[in-house]
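Right, one structure below, let's go through it.
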Amino acid sequence: MKILMTTWEFPPMKVGGIASHCYDLSRELVKQGHDVHVLTFGPEEKDEEVEGVHVHRIPSGHAPDTISWANFLGHRMEKKAIELNKDEKFEVVHAHDWMMVPAGVSIKKTLRIPMVFTLHSTEYGRVGIHTRYSKMINDLEWYGTYEANEVITVGKDFYNEVRSLFNVPEKKIHYIPNGVDIERFDIKPTVNKDDFASGWEKMVLFVGRLTYQKGLEFLMGAIPQILRDHPESKFVIVGRGNIEHYRHMASSFGIGNKTYFTGFLPEDTVISLFKLADAVTIPSVYEPFGIVALEAAAAASPAVGSYTGGLKETIIHEKTGLHTMPKNDMSIKDQLDRVLSDPGWGKWMGRNGRKNVEKNYKWSKISRWTTGVYGSAMGLW
Amino acid sequence: MNTLIVLREISDDEITKNAFYVANILKKFGNVHIVSFGNDDDYDVDGIHVHKVNFILQADNIFNWVMLMNNELKRRAVELNDEKKFDIIHIHDWTAGPAGMSLSKLFGVPLISTFHSTEHQRGFGAYVSQAISDVEWWLAYESRYILVTNDATKNSLINDLKVPFDKIFYSNEDNIRKVFSMVGVMK
């Protein structure tokens with residue numbers, strides 16, 4: 001198949017899970033013999049080949065906010081797609097999340113090819129629809145599901161959320177989980193644990209954007225109580241966001257020396273930390289999928305995460321990790337306490353997690369469901 | 001010569017009057033189709049074929065609405081092109097710019113734009129003015145020739161958007177015939 005994928009972020013630019021998703025999916029599709037072009041944002045126009053994937057980076061215009069930025073970018077991507085199509089003859093356009101709705105819809109209409117639209121989260125779930133700005137994003141998400149020939153959602157609960165939120169006909173909406181590139185985790189750690197925690201300390205790792213959605217407030221509330229029983233625990237918090245806000249919170253809770261905010265770290269460092277961690281905490285408030293649970297499992301570390309959205313499936317309670325009640329410090333404290341009290345059990349759950357992702361979440365398997373959906377969009381079956 | 005004219009909306013404003021003025025000149029040389037936003041409808045006015053398309057989405061500002069609505073203008077034009085095989089695309093103002101630029105690339109035919117004003121002239125008063133001005137820059141850049149309806153717009157194109165002066169013509173019958181001949185489509 002000749003596939004045109006549009007994603008606003010693609011490595012090396014990586015803010016959320018969409019970049020990893022598109023990077024892994026596009027490379028796997030190439031391995032299977034498909035021809036894949038990716039349109040993504042870049043500060044200047046550039047065409048390159050990344051492991052067999054044709055990547056085209058396109059700038060946007062001067063826009064006052066992200067919605068108009070996305071509309072401008074969509075228009076420039078569409079013009080690029082028209083030029084590429086003269087030689088390539090694309091068969092399907094695959095757009096990811098609301099920011100790519102303008103690009104996806106315009107390419108669908110000018111090139112007259114079917115559109116597949118993957119939703120990774122919704123504005124409703126992220127922040128709620130309380131402003132005109134959020135309403136526009138919500139409308140774009142609806143518009144994407146309306147115009148798309150096939151809609152993909154990345155979680156089981158999330159599938160129902162999208163279906164009822166946007167009234168998507170059952171026959172065109174699908175659930176396909178994210179996959180994880182397991183081989184990336186088969187490296188020797190490139191950093192020393194000493195750089196992040198003392199030798200006697202146990203490392204609890206958080207990886208994600210530092211936002212309310214990721215539940216850091218509730219983790220911070222749990223930490224002082226965990227430290228009472230486990231003074232050896234150390235919380236390493238990796239990711240961009242409002243670091244100062246959380247650092248201040250940590251110092252006012254008296255846990256400043258037990259929380260290390262690293263900011264953004266390169267991928268091999270993050271993978272190393274996943275492997276070195278004694279437990280990975282995922283206290284999310286809202287998590288349509290939660291790729292971080294698969295990453296913990298790929299690194300054979302136990303995940304302790306909220307019983308919400310995709311984490312309901314990606315963590316198997318007491319087998320690959322532990323579930324906590326969302327927005328509940330006491331529950332986070334109780335479950336982290338169990339792992340920290342029984343390191344052997346934690347390691348056992350980590351190994352089970354690894355087996356689980358090897359069996360169920362390899363891209364080589366997941367991507368075949370995606371091409372199945374492409375085929376439906378193209379009317380092949 | 002089959003001409004496609006795209007404009008945001010057909011109303012009783014100066015932009016619409018000028019669009020029909022151009023259409024009436026061009027119809028002497030072939031078919032003229034106008035695509036614009038409105039309730040879905042196809043009809044003829046004095047031998048000019050009008051096609052209106054609806055767009056269901058509301059938007060939070062004019063820039064976002066125009067960028068998204070233009071997709072419907074493109075869709076209709078692509079359908080029409082199957083039969084009509086347009087030789088030239090002519091659009092009015094930035095509000096039809098995205099359609100003009102995309103369709104010109106898609107059909108491989110020249111684009112001639114009419115500017116009735118620029119965002120610089122309108123005073124940069126809108127939240128989205130810079131984005132609108134960027135679209136105007138791209139539109140001027142990708143147009144083979146530009147027609148203007150007043151001198152102030154010509155000056156703004158030259159001074160603010162750095163358009164070469166010899167690309168710009170005042171919109172009257174002589175010049176309209178001239179620019180459409182120069183792109184080699186007037187047969």
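In the structure tokens, each chain is lettered A, B, ... as it comes, each chain's residues begin at 1, and ligands are numbered from 1 in order of appearance.
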Find the residues near stretch 47-62 of chain B: any atom within 7 Å, counting only C-alpha atoms, skip ones fewer than 3 places away on the same chain, and give them as number ranges by chain. A: 132-133, 136; B: 32-44, 65-66, 69, 72-73
What residues in chain A have any atom no more than 8 Å from chain B when counting only C-alpha atoms, and can you write them as a list in words?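 Close enough to count are Gly61, His62, Ala63, Pro64, Ile67, Ser68, Asn71, Phe72, His75, Glu78, Lys79, Ile82, Glu83, Pro102, Val105, Ser106, Lys109, Thr110, Arg132, Tyr133, Met136, Asp139 and Tyr143 of chain A.
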So which residues touch B:Val183 within 12 Å, counting only C-alpha atoms, skipping near sequence neighbours fewer than 4 positions away, as a PyMOL selection string? chain B and resi 1+87-90+109-112+143-146+167+176-179+187
Return as a ChimeraX atom specification the full set of residues in stretch 107-150 of chain B whose backbone-based DSSP assignment is strand (DSSP E or B). /B:111-115,145-148
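In this model, the gap between atom CA of A:Lys347 and atom CA of A:Lys327 comes to 26.2 Å.
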State, in Å with one decimal place, the distance from atom CA of B:Leu26 to atom CA of B:Trp137. 26.2 Å
Separation of atom CA of A:Glu141 from atom CA of A:Asp181, in Å and rounded to one decimal: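 So the two atoms, atom CA of A:Glu141 and atom CA of A:Asp181, lie 27.9 Å apart.
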May I have the residues within 9 Å of A:Phe158 as a list in words, using only C-alpha atoms and disregarding those fewer than 2 positions away in the same chain? His120, Ser121, Thr153, Val154, Gly155, Lys156, Asn160, Glu161, Val162, Arg163, Tyr175, Glu287, Pro288, Phe289, Gly309 and Gly310 of chain A
Could you give me, as a ChimeraX atom specification, each residue of stretch 107-316 of chain A that DSSP assigns to helix (DSSP H, G or I) when run on this structure's backbone? /A:107-111,123-126,132-147,156-166,170-172,182-185,193-195,212-214,216-229,243-252,256-258,267-276,291-298,311-314
Within 9 Å of stretch 169-175 of chain B, counting only C-alpha atoms, which residues show up once you throw out same-chain ones fewer than 2 positions away? Write them as a PyMOL selection string, please. chain B and resi 18+21-22+25+114+145-151+154+165-167+177-180
Which residues, written as a PyMOL selection string, have at least one atom at most 9 Å from A:Ser284, with only C-alpha atoms counted and residues fewer than 2 positions away on the same chain left out? chain A and resi 212-216+218+282+286-287+290+305-308+326-327
Save out the residues we just selected, N, CA, C and O atoms, as a PDB file, in the first residue's frame.
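The result, written out as out.pdb:
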ATOM      1  N   TYR A 212      -1.746  18.086  35.128  1.00  0.00           N
ATOM      2  CA  TYR A 212      -2.774  17.533  36.015  1.00  0.00           C
ATOM      3  C   TYR A 212      -3.261  16.174  35.510  1.00  0.00           C
ATOM      4  O   TYR A 212      -3.469  15.244  36.280  1.00  0.00           O
ATOM      5  N   GLN A 213      -3.409  16.095  34.158  1.00  0.00           N
ATOM      6  CA  GLN A 213      -3.912  14.866  33.545  1.00  0.00           C
ATOM      7  C   GLN A 213      -3.109  13.642  33.957  1.00  0.00           C
ATOM      8  O   GLN A 213      -3.630  12.534  34.055  1.00  0.00           O
ATOM      9  N   LYS A 214      -1.822  13.835  34.178  1.00  0.00           N
ATOM     10  CA  LYS A 214      -0.943  12.704  34.503  1.00  0.00           C
ATOM     11  C   LYS A 214      -0.952  12.380  36.002  1.00  0.00           C
ATOM     12  O   LYS A 214      -0.255  11.466  36.439  1.00  0.00           O
ATOM     13  N   GLY A 215      -1.689  13.164  36.795  1.00  0.00           N
ATOM     14  CA  GLY A 215      -1.924  12.792  38.188  1.00  0.00           C
ATOM     15  C   GLY A 215      -0.784  13.018  39.154  1.00  0.00           C
ATOM     16  O   GLY A 215      -0.759  12.436  40.242  1.00  0.00           O
ATOM     17  N   LEU A 216       0.147  13.898  38.780  1.00  0.00           N
ATOM     18  CA  LEU A 216       1.313  14.120  39.643  1.00  0.00           C
ATOM     19  C   LEU A 216       0.927  14.672  41.016  1.00  0.00           C
ATOM     20  O   LEU A 216       1.554  14.340  42.021  1.00  0.00           O
ATOM     21  N   PHE A 218      -1.477  13.803  42.851  1.00  0.00           N
ATOM     22  CA  PHE A 218      -1.861  12.716  43.746  1.00  0.00           C
ATOM     23  C   PHE A 218      -0.648  11.905  44.173  1.00  0.00           C
ATOM     24  O   PHE A 218      -0.565  11.441  45.306  1.00  0.00           O
ATOM     25  N   ILE A 282       2.283   5.307  37.568  1.00  0.00           N
ATOM     26  CA  ILE A 282       1.482   5.967  36.519  1.00  0.00           C
ATOM     27  C   ILE A 282       0.177   6.447  37.166  1.00  0.00           C
ATOM     28  O   ILE A 282      -0.863   5.810  37.039  1.00  0.00           O
ATOM     29  N   TYR A 286      -6.485  10.785  33.600  1.00  0.00           N
ATOM     30  CA  TYR A 286      -7.108  10.424  32.320  1.00  0.00           C
ATOM     31  C   TYR A 286      -6.030   9.821  31.435  1.00  0.00           C
ATOM     32  O   TYR A 286      -4.971  10.424  31.250  1.00  0.00           O
ATOM     33  N   GLU A 287      -6.260   8.644  30.905  1.00  0.00           N
ATOM     34  CA  GLU A 287      -5.227   7.969  30.113  1.00  0.00           C
ATOM     35  C   GLU A 287      -5.889   7.047  29.094  1.00  0.00           C
ATOM     36  O   GLU A 287      -6.171   5.900  29.390  1.00  0.00           O
ATOM     37  N   GLY A 290      -1.917   5.069  27.435  1.00  0.00           N
ATOM     38  CA  GLY A 290      -0.858   5.015  28.429  1.00  0.00           C
ATOM     39  C   GLY A 290       0.288   4.124  28.008  1.00  0.00           C
ATOM     40  O   GLY A 290       0.521   3.055  28.564  1.00  0.00           O
ATOM     41  N   GLY A 305      -0.264   1.656  38.391  1.00  0.00           N
ATOM     42  CA  GLY A 305      -0.984   2.709  37.673  1.00  0.00           C
ATOM     43  C   GLY A 305      -2.463   2.742  37.969  1.00  0.00           C
ATOM     44  O   GLY A 305      -3.061   1.761  38.420  1.00  0.00           O
ATOM     45  N   SER A 306      -3.075   3.890  37.656  1.00  0.00           N
ATOM     46  CA  SER A 306      -4.499   4.109  37.919  1.00  0.00           C
ATOM     47  C   SER A 306      -5.372   3.118  37.161  1.00  0.00           C
ATOM     48  O   SER A 306      -5.091   2.797  35.997  1.00  0.00           O
ATOM     49  N   TYR A 307      -6.437   2.688  37.788  1.00  0.00           N
ATOM     50  CA  TYR A 307      -7.413   1.845  37.108  1.00  0.00           C
ATOM     51  C   TYR A 307      -8.311   2.765  36.281  1.00  0.00           C
ATOM     52  O   TYR A 307      -9.416   3.131  36.675  1.00  0.00           O
ATOM     53  N   THR A 308      -7.783   3.166  35.119  1.00  0.00           N
ATOM     54  CA  THR A 308      -8.540   4.061  34.242  1.00  0.00           C
ATOM     55  C   THR A 308      -8.105   3.836  32.801  1.00  0.00           C
ATOM     56  O   THR A 308      -6.947   3.481  32.551  1.00  0.00           O
ATOM     57  N   PRO A 326      -7.957   5.939  40.771  1.00  0.00           N
ATOM     58  CA  PRO A 326      -7.564   7.252  40.241  1.00  0.00           C
ATOM     59  C   PRO A 326      -7.844   8.363  41.250  1.00  0.00           C
ATOM     60  O   PRO A 326      -8.806   8.258  42.019  1.00  0.00           O
ATOM     61  N   LYS A 327      -7.037   9.383  41.236  1.00  0.00           N
ATOM     62  CA  LYS A 327      -7.179  10.570  42.091  1.00  0.00           C
ATOM     63  C   LYS A 327      -7.223  10.195  43.573  1.00  0.00           C
ATOM     64  O   LYS A 327      -8.006  10.763  44.329  1.00  0.00           O
TER      65      LYS A 327
END
Hey, which of A:Phe274, A:Phe253, A:Tyr361, A:Trp69 ends up closest to A:Ile187? Count only C-alpha atoms.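 Distance minimum relative to A:Ile187 lands on A:Phe274.
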